[in-house]
Every structure is written in structure tokens, then in C-alpha cells.
file run.cif (mmCIF, C-alpha atoms and all ligand atoms)
data_query
loop_
_atom_site.label_atom_id
_atom_site.label_comp_id
_atom_site.auth_asym_id
_atom_site.auth_seq_id
_atom_site.Cartn_x
_atom_site.Cartn_y
_atom_site.Cartn_z
CA MET A 909 5.89 -13.46 -36.48
CA THR A 910 5.71 -14.86 -39.96
CA SER A 911 3.03 -17.53 -40.09
CA HIS A 912 -0.19 -17.15 -38.15
CA ASN A 913 -2.68 -19.88 -37.44
CA ARG A 914 -5.90 -17.95 -37.86
CA LYS A 915 -8.97 -19.14 -36.02
CA SER A 916 -11.55 -20.22 -38.57
CA GLY A 917 -14.38 -17.98 -39.66
CA GLY A 918 -13.77 -14.42 -40.71
CA VAL A 919 -11.09 -13.59 -38.18
CA ASN A 920 -9.15 -11.83 -40.91
CA ASP A 921 -11.95 -9.27 -41.13
CA ALA A 922 -11.91 -8.54 -37.41
CA PRO A 923 -10.98 -4.94 -36.51
CA GLU A 924 -7.57 -4.32 -34.99
CA PRO A 925 -7.64 -4.82 -31.21
CA GLU A 926 -7.96 -1.37 -29.69
CA SER A 927 -7.60 -1.20 -25.93
CA ALA A 928 -4.39 -1.87 -24.03
CA TYR A 929 -6.22 -4.70 -22.29
CA THR A 930 -6.86 -6.45 -25.58
CA LYS A 931 -3.46 -5.67 -27.08
CA ILE A 932 -1.78 -7.28 -24.09
CA ALA A 933 -4.03 -10.31 -23.83
CA TYR A 934 -4.47 -11.15 -27.50
CA ASP A 935 -1.80 -12.96 -29.52
CA PRO A 936 -2.25 -14.54 -32.90
CA LEU A 937 -1.09 -18.16 -32.81
CA ASP A 938 2.38 -18.69 -34.19
CA THR A 939 2.95 -22.20 -35.51
CA ARG A 940 6.68 -21.93 -34.88
CA HIS A 941 5.89 -22.17 -31.17
CA TYR A 942 3.46 -25.13 -31.45
CA GLY A 943 0.56 -22.92 -30.44
CA ALA A 944 2.01 -22.22 -27.01
CA VAL A 945 -0.17 -19.52 -25.36
CA SER A 946 2.83 -17.81 -23.83
CA MET A 947 6.14 -17.22 -25.54
CA PRO A 948 8.74 -19.90 -24.72
CA VAL A 949 12.06 -18.82 -23.24
CA TYR A 950 14.64 -19.13 -26.02
CA GLN A 951 17.57 -19.93 -23.76
CA ASN A 952 20.22 -20.01 -26.49
CA SER A 953 23.04 -17.71 -27.51
CA LEU A 954 23.19 -18.63 -31.20
CA PHE A 955 21.00 -19.93 -34.00
CA ALA A 956 22.30 -22.51 -36.52
CA PHE A 957 21.50 -22.83 -40.24
CA GLU A 958 20.96 -25.64 -42.70
CA SER A 959 22.92 -24.07 -45.51
CA TYR A 960 25.57 -21.41 -45.88
CA ALA A 961 23.25 -19.49 -48.18
CA GLN A 962 20.62 -19.26 -45.42
CA PHE A 963 23.28 -18.20 -42.94
CA GLU A 964 24.47 -15.39 -45.20
CA GLN A 965 20.93 -14.24 -45.84
CA ALA A 966 20.23 -14.13 -42.08
CA ILE A 967 23.34 -12.09 -41.37
CA GLN A 968 22.19 -9.53 -43.93
CA ASP A 969 18.99 -8.94 -41.96
CA GLU A 970 20.00 -9.90 -38.44
CA ASN A 971 17.77 -7.36 -36.76
CA GLY A 972 14.84 -7.84 -39.07
CA GLN A 973 13.31 -11.15 -39.89
CA PHE A 974 16.13 -13.48 -38.85
CA HIS A 975 17.74 -14.74 -35.70
CA VAL A 976 21.51 -15.13 -35.66
CA TYR A 977 22.77 -14.35 -32.18
CA SER A 978 21.02 -13.40 -28.93
CA ARG A 979 22.91 -10.12 -28.53
CA GLY A 980 21.05 -9.11 -31.68
CA ASN A 981 17.63 -10.68 -31.84
CA ASN A 982 16.31 -13.29 -29.41
CA PRO A 983 12.72 -14.47 -30.13
CA THR A 984 11.56 -14.14 -26.50
CA VAL A 985 12.91 -10.61 -26.20
CA GLU A 986 11.60 -9.74 -29.67
CA TYR A 987 8.13 -10.85 -28.64
CA LEU A 988 8.14 -8.44 -25.67
CA GLU A 989 9.46 -5.71 -27.98
CA ARG A 990 6.55 -6.18 -30.36
CA LYS A 991 4.05 -5.90 -27.51
CA LEU A 992 5.66 -2.74 -26.17
CA ALA A 993 5.86 -1.15 -29.63
CA GLU A 994 2.18 -1.87 -30.18
CA LEU A 995 1.20 -0.42 -26.81
CA GLU A 996 3.13 2.82 -27.43
CA GLY A 997 1.94 3.11 -31.02
CA GLY A 998 5.55 2.90 -32.28
CA GLU A 999 7.02 1.04 -35.24
CA ARG A 1000 9.87 -0.59 -33.37
CA ALA A 1001 10.98 -1.27 -29.79
CA LYS A 1002 14.28 -2.55 -28.44
CA CYS A 1003 14.70 -3.88 -24.92
CA PHE A 1004 17.78 -3.26 -22.80
CA GLY A 1005 19.26 -4.59 -19.58
CA SER A 1006 18.11 -1.55 -17.59
CA GLY A 1007 16.32 1.75 -17.97
CA MET A 1008 19.67 3.54 -17.92
CA ALA A 1009 21.03 1.29 -20.70
CA ALA A 1010 17.99 2.29 -22.78
CA ILE A 1011 18.34 5.98 -21.92
CA SER A 1012 22.09 6.17 -22.60
CA ALA A 1013 21.73 4.25 -25.89
CA ALA A 1014 18.86 6.50 -27.02
CA VAL A 1015 20.80 9.68 -26.18
CA LEU A 1016 23.99 8.43 -27.87
CA SER A 1017 22.01 7.52 -30.97
CA VAL A 1018 21.10 11.19 -31.41
CA VAL A 1019 24.13 13.28 -30.37
CA GLY A 1020 27.78 13.47 -31.38
CA GLN A 1021 30.77 15.66 -30.70
CA GLY A 1022 29.95 19.38 -30.71
CA ASP A 1023 26.23 18.86 -30.23
CA HIS A 1024 24.03 20.47 -27.60
CA ILE A 1025 21.27 18.90 -25.49
CA LEU A 1026 18.35 20.56 -23.73
CA CYS A 1027 17.20 18.50 -20.76
CA SER A 1028 14.40 18.98 -18.26
CA ASN A 1029 16.03 20.06 -14.99
CA GLN A 1030 13.92 17.55 -13.05
CA ALA A 1031 14.71 14.49 -15.16
CA TYR A 1032 15.85 11.25 -13.46
CA GLY A 1033 19.16 11.93 -11.63
CA PRO A 1034 21.42 9.40 -13.41
CA ALA A 1035 20.04 10.54 -16.81
CA ARG A 1036 21.00 14.13 -15.92
CA GLU A 1037 24.40 12.92 -14.74
CA PHE A 1038 24.94 11.07 -18.03
CA MET A 1039 24.05 14.07 -20.20
CA GLY A 1040 25.33 16.89 -18.01
CA ASN A 1041 28.60 15.33 -16.89
CA TYR A 1042 29.60 12.11 -18.61
CA LEU A 1043 28.97 13.32 -22.17
CA LYS A 1044 31.13 16.42 -21.60
CA ARG A 1045 34.22 14.30 -22.21
CA PHE A 1046 32.93 13.59 -25.72
CA GLY A 1047 32.32 17.28 -26.39
CA VAL A 1048 28.54 17.20 -25.87
CA GLU A 1049 27.12 20.08 -23.86
CA THR A 1050 23.83 20.00 -21.93
CA THR A 1051 21.65 22.85 -20.67
CA PHE A 1052 19.05 22.05 -18.02
CA VAL A 1053 15.80 23.93 -18.45
CA ASP A 1054 12.60 24.49 -16.51
CA GLY A 1055 10.74 21.88 -18.53
CA SER A 1056 7.30 23.03 -17.42
CA SER A 1057 7.65 26.20 -19.51
CA PRO A 1058 7.60 25.70 -23.32
CA GLU A 1059 9.20 29.17 -23.55
CA ALA A 1060 12.21 28.02 -21.52
CA TRP A 1061 13.02 25.32 -24.10
CA LYS A 1062 12.85 27.91 -26.87
CA ALA A 1063 14.97 30.43 -24.99
CA GLU A 1064 17.83 27.98 -24.41
CA ALA A 1065 17.95 26.40 -27.89
CA ARG A 1066 21.15 26.89 -29.91
CA PRO A 1067 22.00 26.30 -33.57
CA ASN A 1068 23.70 23.01 -32.55
CA THR A 1069 20.85 21.75 -30.33
CA LYS A 1070 20.25 18.17 -31.48
CA LEU A 1071 18.24 16.69 -28.63
CA LEU A 1072 15.44 17.76 -26.29
CA TYR A 1073 15.16 15.29 -23.40
CA LEU A 1074 11.89 15.18 -21.46
CA GLU A 1075 10.45 13.25 -18.56
CA SER A 1076 6.80 13.92 -17.85
CA PRO A 1077 5.72 13.81 -15.13
CA THR A 1078 9.04 14.01 -13.31
CA SER A 1079 9.44 11.49 -10.52
CA LEU A 1080 10.19 13.60 -7.42
CA GLN A 1081 8.26 16.86 -7.85
CA PHE A 1082 5.85 15.63 -10.54
CA GLU A 1083 6.09 18.55 -12.96
CA LEU A 1084 4.78 18.09 -16.48
CA GLN A 1085 6.08 19.19 -19.84
CA ASP A 1086 3.73 20.11 -22.67
CA LEU A 1087 4.60 17.24 -25.01
CA ALA A 1088 2.86 18.57 -28.12
CA ALA A 1089 4.36 22.05 -27.73
CA VAL A 1090 7.92 20.88 -27.00
CA GLY A 1091 7.69 18.23 -29.74
CA ALA A 1092 6.56 20.79 -32.32
CA PHE A 1093 9.30 23.22 -31.32
CA ALA A 1094 11.96 20.49 -31.62
CA LYS A 1095 10.71 19.63 -35.12
CA SER A 1096 10.90 23.30 -36.11
CA ILE A 1097 14.63 23.38 -35.27
CA GLY A 1098 15.41 19.92 -36.64
CA ALA A 1099 16.09 18.39 -33.21
CA VAL A 1100 15.03 15.00 -31.87
CA THR A 1101 12.90 14.55 -28.74
CA ILE A 1102 13.24 11.70 -26.24
CA ILE A 1103 10.82 11.25 -23.35
CA ASP A 1104 11.06 9.08 -20.27
CA ASN A 1105 7.48 7.77 -20.02
CA THR A 1106 8.03 5.51 -17.01
CA TRP A 1107 5.54 7.20 -14.67
CA ALA A 1108 2.45 7.10 -16.87
CA THR A 1109 3.23 3.87 -18.79
CA PRO A 1110 1.90 3.40 -22.35
CA VAL A 1111 -1.47 2.63 -20.79
CA TYR A 1112 -1.95 6.26 -19.72
CA GLN A 1113 0.33 8.31 -22.00
CA GLN A 1114 1.46 7.73 -25.59
CA PRO A 1115 3.95 10.47 -26.41
CA LEU A 1116 4.69 9.24 -29.97
CA ARG A 1117 1.10 10.16 -30.85
CA LEU A 1118 1.74 13.68 -29.50
CA GLY A 1119 4.79 14.31 -31.68
CA ILE A 1120 7.65 13.00 -29.52
CA ASP A 1121 10.27 11.01 -31.48
CA LEU A 1122 11.54 8.36 -29.04
CA VAL A 1123 10.06 6.93 -25.83
CA VAL A 1124 12.16 5.28 -23.12
CA HIS A 1125 10.96 3.34 -20.10
CA SER A 1126 12.48 1.80 -17.07
CA ILE A 1127 10.80 -1.59 -17.40
CA THR A 1128 11.96 -2.17 -13.81
CA LYS A 1129 8.98 -0.10 -12.63
CA TYR A 1130 5.31 -0.58 -13.63
CA ILE A 1131 5.85 -2.54 -16.84
CA SER A 1132 7.41 -5.54 -15.08
CA GLY A 1133 5.46 -4.60 -11.97
CA HIS A 1134 6.66 -7.12 -9.40
CA SER A 1135 10.03 -5.76 -8.21
CA ASP A 1136 11.73 -8.86 -9.57
CA CYS A 1137 13.64 -7.64 -12.62
CA VAL A 1138 15.59 -4.73 -14.09
CA GLY A 1139 15.10 -3.66 -17.69
CA GLY A 1140 14.54 -0.83 -20.14
CA VAL A 1141 13.14 -0.16 -23.61
CA VAL A 1142 13.41 2.41 -26.42
CA ILE A 1143 10.44 2.76 -28.77
CA GLY A 1144 10.14 4.84 -31.92
CA PRO A 1145 9.99 5.01 -35.71
CA ASN A 1146 12.19 2.80 -37.90
CA ARG A 1147 13.99 5.88 -39.23
CA LEU A 1148 15.54 6.40 -35.75
CA MET A 1149 15.46 2.84 -34.39
CA GLU A 1150 17.41 1.25 -37.22
CA SER A 1151 20.64 3.08 -36.54
CA LEU A 1152 20.13 2.84 -32.77
CA ILE A 1153 19.85 -0.94 -33.08
CA ARG A 1154 22.81 -1.23 -35.45
CA SER A 1155 25.08 0.98 -33.35
CA GLU A 1156 24.23 1.65 -29.70
CA TYR A 1157 22.31 -1.59 -29.16
CA MET A 1158 24.73 -3.95 -30.92
CA LEU A 1159 27.97 -2.21 -29.96
CA LEU A 1160 27.35 -1.26 -26.33
CA GLY A 1161 25.65 -4.62 -25.86
CA GLY A 1162 23.38 -3.73 -22.94
CA ILE A 1163 20.83 -6.39 -23.83
CA MET A 1164 17.90 -7.91 -21.96
CA THR A 1165 18.09 -11.68 -21.47
CA ALA A 1166 15.36 -14.08 -22.64
CA GLN A 1167 14.66 -15.07 -19.02
CA THR A 1168 14.11 -11.44 -18.05
CA ALA A 1169 11.91 -10.84 -21.09
CA ALA A 1170 9.70 -13.78 -20.10
CA THR A 1171 9.43 -12.46 -16.53
CA VAL A 1172 8.58 -8.99 -17.85
CA MET A 1173 5.98 -10.47 -20.20
CA ARG A 1174 4.30 -12.19 -17.29
CA GLY A 1175 4.09 -8.86 -15.49
CA LEU A 1176 2.96 -7.01 -18.60
CA ARG A 1177 -0.13 -9.23 -18.94
CA THR A 1178 -1.68 -7.41 -15.96
CA LEU A 1179 -0.31 -3.91 -16.60
CA PRO A 1180 -3.66 -2.21 -17.40
CA LEU A 1181 -5.34 -3.98 -14.50
CA ARG A 1182 -2.61 -2.99 -12.07
CA MET A 1183 -2.59 0.59 -13.37
CA GLU A 1184 -6.31 0.98 -12.67
CA ARG A 1185 -5.73 -0.10 -9.09
CA HIS A 1186 -2.58 2.03 -8.70
CA GLN A 1187 -4.44 5.02 -10.11
CA SER A 1188 -7.44 4.81 -7.80
CA SER A 1189 -5.44 3.92 -4.68
CA GLY A 1190 -2.81 6.58 -5.39
CA LEU A 1191 -5.46 9.27 -5.78
CA LYS A 1192 -7.23 8.16 -2.60
CA VAL A 1193 -4.05 8.30 -0.51
CA ALA A 1194 -2.98 11.61 -2.12
CA ARG A 1195 -6.39 13.20 -1.43
CA HIS A 1196 -6.21 12.07 2.17
CA LEU A 1197 -2.76 13.59 2.63
CA SER A 1198 -3.79 16.88 1.01
CA GLY A 1199 -6.01 17.53 4.03
CA ARG A 1200 -3.34 16.92 6.70
CA PRO A 1201 -1.92 19.87 8.72
CA TYR A 1202 1.67 18.63 8.32
CA VAL A 1203 1.39 18.71 4.52
CA ARG A 1204 2.26 21.96 2.78
CA GLN A 1205 1.45 20.69 -0.70
CA VAL A 1206 0.68 17.40 -2.44
CA ASN A 1207 2.43 16.90 -5.79
CA HIS A 1208 0.12 14.63 -7.77
CA PRO A 1209 -0.88 15.61 -11.33
CA GLY A 1210 -4.26 13.94 -10.83
CA LEU A 1211 -5.36 16.36 -8.10
CA PRO A 1212 -7.16 19.54 -9.24
CA GLU A 1213 -4.82 21.60 -7.03
CA HIS A 1214 -1.80 20.53 -9.14
CA PRO A 1215 -0.80 23.65 -11.13
CA GLN A 1216 -0.67 21.62 -14.38
CA HIS A 1217 -3.77 19.50 -13.79
CA GLU A 1218 -5.39 20.76 -17.01
CA LEU A 1219 -2.33 19.79 -19.06
CA ALA A 1220 -2.27 16.42 -17.30
CA LEU A 1221 -5.86 15.75 -18.38
CA ARG A 1222 -5.01 16.82 -21.92
CA GLN A 1223 -2.01 14.56 -22.50
CA MET A 1224 -2.61 11.61 -20.16
CA SER A 1225 -5.62 9.32 -19.90
CA GLY A 1226 -4.82 8.25 -16.32
CA PHE A 1227 -2.34 8.56 -13.49
CA GLY A 1228 0.43 6.60 -11.86
CA SER A 1229 0.57 6.16 -8.09
CA LEU A 1230 3.98 7.69 -7.38
CA PHE A 1231 3.65 11.17 -5.86
CA SER A 1232 5.20 13.38 -3.21
CA ILE A 1233 4.24 15.80 -0.48
CA GLN A 1234 6.08 18.92 0.57
CA SER A 1235 6.23 19.47 4.31
CA ASP A 1236 7.53 22.13 6.68
CA GLU A 1237 8.15 19.50 9.34
CA PRO A 1238 11.82 18.75 10.16
CA LEU A 1239 13.60 16.20 7.99
CA ASP A 1240 14.41 13.97 10.98
CA LYS A 1241 10.75 13.81 11.96
CA LEU A 1242 9.76 12.85 8.42
CA LYS A 1243 12.40 10.11 8.42
CA GLU A 1244 11.11 8.80 11.75
CA TRP A 1245 7.59 8.81 10.27
CA ALA A 1246 8.88 6.73 7.35
CA THR A 1247 10.57 4.34 9.79
CA ARG A 1248 7.34 3.83 11.74
CA LEU A 1249 5.22 3.02 8.69
CA ARG A 1250 4.23 -0.58 8.52
CA TYR A 1251 3.06 -1.15 4.93
CA PHE A 1252 5.24 1.46 3.23
CA LYS A 1253 8.75 0.03 3.00
CA ILE A 1254 11.78 2.34 2.87
CA GLY A 1255 13.47 1.83 -0.47
CA VAL A 1256 14.36 3.16 -3.91
CA SER A 1257 12.62 2.24 -7.16
CA TRP A 1258 8.83 1.71 -7.43
CA GLY A 1259 6.21 0.18 -9.70
CA GLY A 1260 5.87 -3.17 -7.90
CA PHE A 1261 3.13 -4.57 -5.70
CA GLU A 1262 4.49 -3.04 -2.49
CA SER A 1263 4.12 0.51 -1.21
CA LEU A 1264 7.33 2.50 -0.69
CA VAL A 1265 8.49 5.72 0.94
CA THR A 1266 11.58 7.94 0.68
CA VAL A 1267 12.42 11.34 2.21
CA HIS A 1268 14.20 14.09 0.22
CA ARG A 1269 15.50 17.63 0.54
CA LEU A 1270 15.15 19.34 -2.82
CA PRO A 1271 15.26 22.84 -4.33
CA VAL A 1272 11.89 24.21 -5.45
CA ARG A 1273 11.23 26.69 -8.25
CA SER A 1274 12.29 29.69 -6.14
CA GLY A 1275 15.63 28.00 -5.41
CA GLU A 1276 14.70 27.42 -1.75
CA MET A 1277 15.33 23.98 -0.25
CA ARG A 1278 12.24 22.11 0.96
CA ASN A 1279 11.48 18.76 2.56
CA PHE A 1280 9.68 16.13 0.50
CA VAL A 1281 8.29 12.69 1.21
CA ARG A 1282 7.78 10.52 -1.86
CA PHE A 1283 5.20 7.75 -1.72
CA PHE A 1284 4.66 4.86 -4.06
CA VAL A 1285 1.19 3.41 -3.56
CA GLY A 1286 1.22 -0.33 -4.23
CA LEU A 1287 -1.56 -2.85 -4.52
CA GLU A 1288 -2.53 -3.03 -0.84
CA ASN A 1289 -5.95 -1.82 0.31
CA PRO A 1290 -5.66 2.01 0.25
CA ASP A 1291 -7.62 2.30 3.50
CA ASP A 1292 -4.98 0.20 5.25
CA LEU A 1293 -2.33 2.51 3.82
CA ILE A 1294 -4.16 5.63 5.00
CA ARG A 1295 -4.55 4.18 8.49
CA ASP A 1296 -0.84 3.31 8.45
CA LEU A 1297 0.10 6.91 7.57
CA ASP A 1298 -2.22 8.38 10.21
CA ASP A 1299 -1.23 5.97 13.00
CA ALA A 1300 2.49 6.41 12.42
CA TRP A 1301 2.12 10.20 12.34
CA ALA A 1302 -0.02 10.19 15.49
CA SER A 1303 2.58 8.05 17.29
CA LEU A 1304 5.16 10.80 16.68
CA GLN A 1305 3.01 13.37 18.46
CA ASP A 1306 2.70 11.27 21.63
CA GLU A 1307 6.36 11.71 22.52
C1 LIG B 1401 14.21 3.90 -12.33
C2 LIG B 1401 14.10 4.95 -13.34
C3 LIG B 1401 14.99 5.02 -14.42
C4 LIG B 1401 16.16 4.10 -14.56
O1 LIG B 1401 15.78 2.80 -14.77
P1 LIG B 1401 16.70 1.54 -14.32
O2 LIG B 1401 15.91 0.39 -14.78
O3 LIG B 1401 16.86 1.65 -12.84
O4 LIG B 1401 18.03 1.69 -15.00
C5 LIG B 1401 14.77 5.99 -15.37
N1 LIG B 1401 13.75 6.87 -15.26
C6 LIG B 1401 12.89 6.84 -14.24
C7 LIG B 1401 11.78 7.84 -14.19
C8 LIG B 1401 13.03 5.89 -13.26
O5 LIG B 1401 12.18 5.88 -12.22
#
call {"tool": "encode", "arguments": {"input": "run.cif", "output": "C-alpha cells", "more": "lines below"}}
Ligand SMILES: *Cc1c(COP(=O)(O)O)cnc(C)c1O
result
Amino acid sequence: MTSHNRKSGGVNDAPEPESAYTKIAYDPLDTRHYGAVSMPVYQNSLFAFESYAQFEQAIQDENGQFHVYSRGNNPTVEYLERKLAELEGGERAKCFGSGMAAISAAVLSVVGQGDHILCSNQAYGPAREFMGNYLKRFGVETTFVDGSSPEAWKAEARPNTKLLYLESPTSLQFELQDLAAVGAFAKSIGAVTIIDNTWATPVYQQPLRLGIDLVVHSITKYISGHSDCVGGVVIGPNRLMESLIRSEYMLLGGIMTAQTAATVMRGLRTLPLRMERHQSSGLKVARHLSGRPYVRQVNHPGLPEHPQHELALRQMSGFGSLFSIQSDEPLDKLKEWATRLRYFKIGVSWGGFESLVTVHRLPVRSGEMRNFVRFFVGLENPDDLIRDLDDAWASLQDE
């Protein structure tokens, strides 16, 4: 924003707003928007100019100061990008039409033919599919590593390793990667790191401050927070973002619309507030489940029994409310349990107001297959959710 209407009286001397709460709530007034307290929806594809000279100047700096075309730089989307960059502590953010559009653009901005990727073996499924399978046809090879071990990343690195792709915590088994250690190793071999930070949100984890190069989010989840839009974002330093914006953003064209950006912005206003509630409710439900006889193990980085709880406390300042349990009960029984839950809906995705449940069969570290139930704890009263889980489980025993 170029011209700010400062409130009178020493506002220029005020310290930078610090907490996520303040960053999200506080906007300087921008006279271009008539002092509107929320960003208007710029529902236009193109921007027109008064002179040819202005037009040519704008085209020179289309993704900087000027607005030319909404596939490049729409003011409503740009406003959301500035907020997200500020929250992550990054120089630049670019929003995309989905989390996968952001992830694929970020990966493509780093690798080319003949390059090698190291990817956490528990990263989001479609991200693994993109790197491990799709990119093969362009001569990019991917090795999947046990991301929880910094040694495993080192052991699998090759001279042509260009990218280390992390997701911490992972979103089915909730394993962490040591961001500072993996980031430092990547720097030592001249590789770039990308992390999927969707679970913790910038409110609870800021990987750029720990030495990671690029952060991606599925905005679809907590950031928008109301299960009413799909979006993604890449955040990082100008040195990496500039070419990503010029190439993968402009050429693949997977943009976010102004309408979506305005909807996301409305959700973002309450992100820290919602995260506090998700954190406390998620921990309460997880603690309750950790005492149940049908639960073999609860996978929640916020519980002291999580094998990486210490690391979690070191690199995150709070916890999301998506977690899983491992159970020795039969898969069909777990699915029937899910069916009988009242407040937990059966469905993919997460991060909205509503609690969700899915059932999975996944390999664990030893290679054995185990049964998992993944819960997303929404904004309902956690005691209602606990009663729901207990009642539905008890009803299965009566038969
Ligand atoms: C949902 C999700 C994605 C993909 O985001 P979309 O918006 O669905 O494309 C990526 N990473 C994680 C961890 C997710 O949960």
C-alpha cells in the first residue's frame, strides 16, 4: 500500500505490532480504498491507464507496485498475501487456487531436469504423487526419507539434490521433522527447503525463522477456517519468490480469485482465536482417548507421550487439533464407530468449524500395517465431542 492515512499523534513512533492477533486485526488506512475497514473485492480482470507511458511503466513492474491484469496482481488477493507474509515473517507471499497449486508451483520453481528431490515419506499424498511420479517424466527423481531422522536426510542426499521437501507435523501419523537441523543441512549442500506448514499455521510455527526457505499452506484448512473455500499460498524471500511469481505463478496460472481472497480474509481475522480453541479442545479430546482400552496409541505432538514432544515444544508455540489414534480393533468396527458419531462428520479435509473423522490402514515405522482413526476437532464444546465418542463406542459393545 503506497499512501497511508496515519492517525494523528505520534503513531509513526509506535512499535511494530507483534502478536498474530494484532497483525491480523490492525491495518493502516489506505486512502485508495476510501478508508474502508475491510479490503474491497476488486472484481475486475484488467486495469486501465491514463497514458501509454503509465501503461508501459506498469508492465515493467507488474508484480511489484502496479496492477495490470488479475492473473498477475489483484489488489484484494495482494492484500491477503501481505497479511500472510507478515504472519510467517516472510518477504513475499503469493496465493494460489489450491494448496496443490501452491505446492506444485513451489516445487517446480526449484527443480529442473536431472535434479533430485528428498521428500518426507509421510508428506501429503498428492504432493508425494507429484514429486515421486509426475515429475519423473521431466527427469526429476525423488527419494522418500524417514523425515523424523535428520541423519536419514543426510544419508540419502546426492550431488544433484536440489530440494528437501518437509511437512511437519505430518497429517496422518503426526511425525515431526527437525526444521533447524534439516534446514541447516540443506544450506550446507546448496539445496532449497520447502515445508508444508498447514497443520500448525503461522500462528504456532514459523519455519522461515528456523532456516527453511519456502513455506506452503493449504489455505483450505485453518487459514480460511470455515470449509467454504479452496486455496493455497507460497511464502518466502524475494530471491526465491521473484522467479516463482514470474514463471510458475504467471505461466501455470493457478491463481486465487478476488472473491476467494475476500472470503479467506474474513476467516483469517479470527485465525488466532480459532487456533486457541482448536488447540485446547484438540488436546482435551486427545487426552481422553489416550486412556481408552481400544486405543493403542494417540498421535498428537502436544501429548507428553508423543516420541517427539520435546522437539514439538522447541519448534512450535502451540498445536493444531488434527490428530490420530492407532487401534488394534478391526477396521470395520472403527468404520462403524465413525458412522455412529453424531458431531464428527465423515469427510476429507479439515480446518473448519466442524469436527471430522476418517479411518485409515497405514504402514508404521516397522513396515507393519496398522489401523488408524484420524480426528479433526472443530469448534464444538469438547465435552460434547468426548461424550459423542464414548456413547458411539459403547453402542458398538451392546450388540
Ligand atoms: C489439504 C492439504 C493439502 C492440499 O491442499 P488443497 O487446498 O486441497 O489443494 C496440502 N497439504 C496438507 C497438509 C493438506 O492437509
call {"tool": "residues_near_ligand", "arguments": {"input": "run.cif", "ligand": "ligand LIG 1401 (chain B)", "cutoff": "8 Å", "atoms": "all atoms listed in the file", "output": "PDB file with C-alpha atoms, in the frame of the given file"}}
result
ATOM      1  CA  GLY A1005      19.260  -4.590 -19.580  1.00  0.00           C
ATOM      2  CA  SER A1006      18.110  -1.550 -17.590  1.00  0.00           C
ATOM      3  CA  GLY A1007      16.320   1.750 -17.970  1.00  0.00           C
ATOM      4  CA  MET A1008      19.670   3.540 -17.920  1.00  0.00           C
ATOM      5  CA  ALA A1009      21.030   1.290 -20.700  1.00  0.00           C
ATOM      6  CA  ALA A1010      17.990   2.290 -22.780  1.00  0.00           C
ATOM      7  CA  ILE A1011      18.340   5.980 -21.920  1.00  0.00           C
ATOM      8  CA  ALA A1031      14.710  14.490 -15.160  1.00  0.00           C
ATOM      9  CA  TYR A1032      15.850  11.250 -13.460  1.00  0.00           C
ATOM     10  CA  PRO A1034      21.420   9.400 -13.410  1.00  0.00           C
ATOM     11  CA  ALA A1035      20.040  10.540 -16.810  1.00  0.00           C
ATOM     12  CA  GLU A1075      10.450  13.250 -18.560  1.00  0.00           C
ATOM     13  CA  THR A1078       9.040  14.010 -13.310  1.00  0.00           C
ATOM     14  CA  SER A1079       9.440  11.490 -10.520  1.00  0.00           C
ATOM     15  CA  ASP A1104      11.060   9.080 -20.270  1.00  0.00           C
ATOM     16  CA  ASN A1105       7.480   7.770 -20.020  1.00  0.00           C
ATOM     17  CA  THR A1106       8.030   5.510 -17.010  1.00  0.00           C
ATOM     18  CA  TRP A1107       5.540   7.200 -14.670  1.00  0.00           C
ATOM     19  CA  HIS A1125      10.960   3.340 -20.100  1.00  0.00           C
ATOM     20  CA  SER A1126      12.480   1.800 -17.070  1.00  0.00           C
ATOM     21  CA  ILE A1127      10.800  -1.590 -17.400  1.00  0.00           C
ATOM     22  CA  THR A1128      11.960  -2.170 -13.810  1.00  0.00           C
ATOM     23  CA  LYS A1129       8.980  -0.100 -12.630  1.00  0.00           C
ATOM     24  CA  VAL A1138      15.590  -4.730 -14.090  1.00  0.00           C
ATOM     25  CA  GLY A1139      15.100  -3.660 -17.690  1.00  0.00           C
ATOM     26  CA  GLY A1140      14.540  -0.830 -20.140  1.00  0.00           C
ATOM     27  CA  SER A1257      12.620   2.240  -7.160  1.00  0.00           C
ATOM     28  CA  TRP A1258       8.830   1.710  -7.430  1.00  0.00           C
TER      29      TRP A1258
END
call {"tool": "closest_atom_pairs", "arguments": {"input": "run.cif", "of": "segment 1245-1306 of chain A", "to": "segment 1039-1057 of chain A", "cutoff": "12 Å", "atoms": "only C-alpha atoms", "output": "Markdown table"}}
result
| residue | atom | partner | partner_atom | distance |
| --- | --- | --- | --- | --- |
| A:Val1272 | CA | A:Asp1054 | CA | 11.1 |
| A:Arg1273 | CA | A:Asp1054 | CA | 8.7 |
| A:Ser1274 | CA | A:Asp1054 | CA | 11.6 |
call {"tool": "residues_around", "arguments": {"input": "run.cif", "residues": "Ser1076 of chain A", "least_positions_apart": "2", "cutoff": "12 Å", "atoms": "all atoms listed in the file", "output": "PyMOL selection string"}}
result
chain A and resi 1027-1032+1055-1056+1073-1074+1078-1088+1090+1102-1109+1112-1115+1120+1123-1125+1209+1216+1219-1220+1223-1224+1227-1228
call {"tool": "residues_near_point", "arguments": {"input": "run.cif", "point": "(-7.0, 3.8, 4.5)", "cutoff": "12 Å", "atoms": "all atoms listed in the file", "output": "number ranges by chain"}}
result
A: 1189-1197, 1251, 1285, 1288-1299
call {"tool": "write_last_selection", "arguments": {"input": "run.cif", "atoms": "C-alpha atoms", "output": "short mmCIF file (atom, residue, chain, number, x, y, z; two decimals), keeping the file's coordinate frame"}}
result
data_model
loop_
_atom_site.label_atom_id
_atom_site.label_comp_id
_atom_site.auth_asym_id
_atom_site.auth_seq_id
_atom_site.Cartn_x
_atom_site.Cartn_y
_atom_site.Cartn_z
CA SER A 1189 -5.44 3.92 -4.68
CA GLY A 1190 -2.81 6.58 -5.39
CA LEU A 1191 -5.46 9.27 -5.78
CA LYS A 1192 -7.23 8.16 -2.60
CA VAL A 1193 -4.05 8.30 -0.51
CA ALA A 1194 -2.98 11.61 -2.12
CA ARG A 1195 -6.39 13.20 -1.43
CA HIS A 1196 -6.21 12.07 2.17
CA LEU A 1197 -2.76 13.59 2.63
CA TYR A 1251 3.06 -1.15 4.93
CA VAL A 1285 1.19 3.41 -3.56
CA GLU A 1288 -2.53 -3.03 -0.84
CA ASN A 1289 -5.95 -1.82 0.31
CA PRO A 1290 -5.66 2.01 0.25
CA ASP A 1291 -7.62 2.30 3.50
CA ASP A 1292 -4.98 0.20 5.25
CA LEU A 1293 -2.33 2.51 3.82
CA ILE A 1294 -4.16 5.63 5.00
CA ARG A 1295 -4.55 4.18 8.49
CA ASP A 1296 -0.84 3.31 8.45
CA LEU A 1297 0.10 6.91 7.57
CA ASP A 1298 -2.22 8.38 10.21
CA ASP A 1299 -1.23 5.97 13.00
#
call {"tool": "atom_distance", "arguments": {"input": "run.cif", "atom1": "atom CA of Val1019 of chain A", "atom2": "atom CA of Ala1169 of chain A"}}
result
28.6 Å
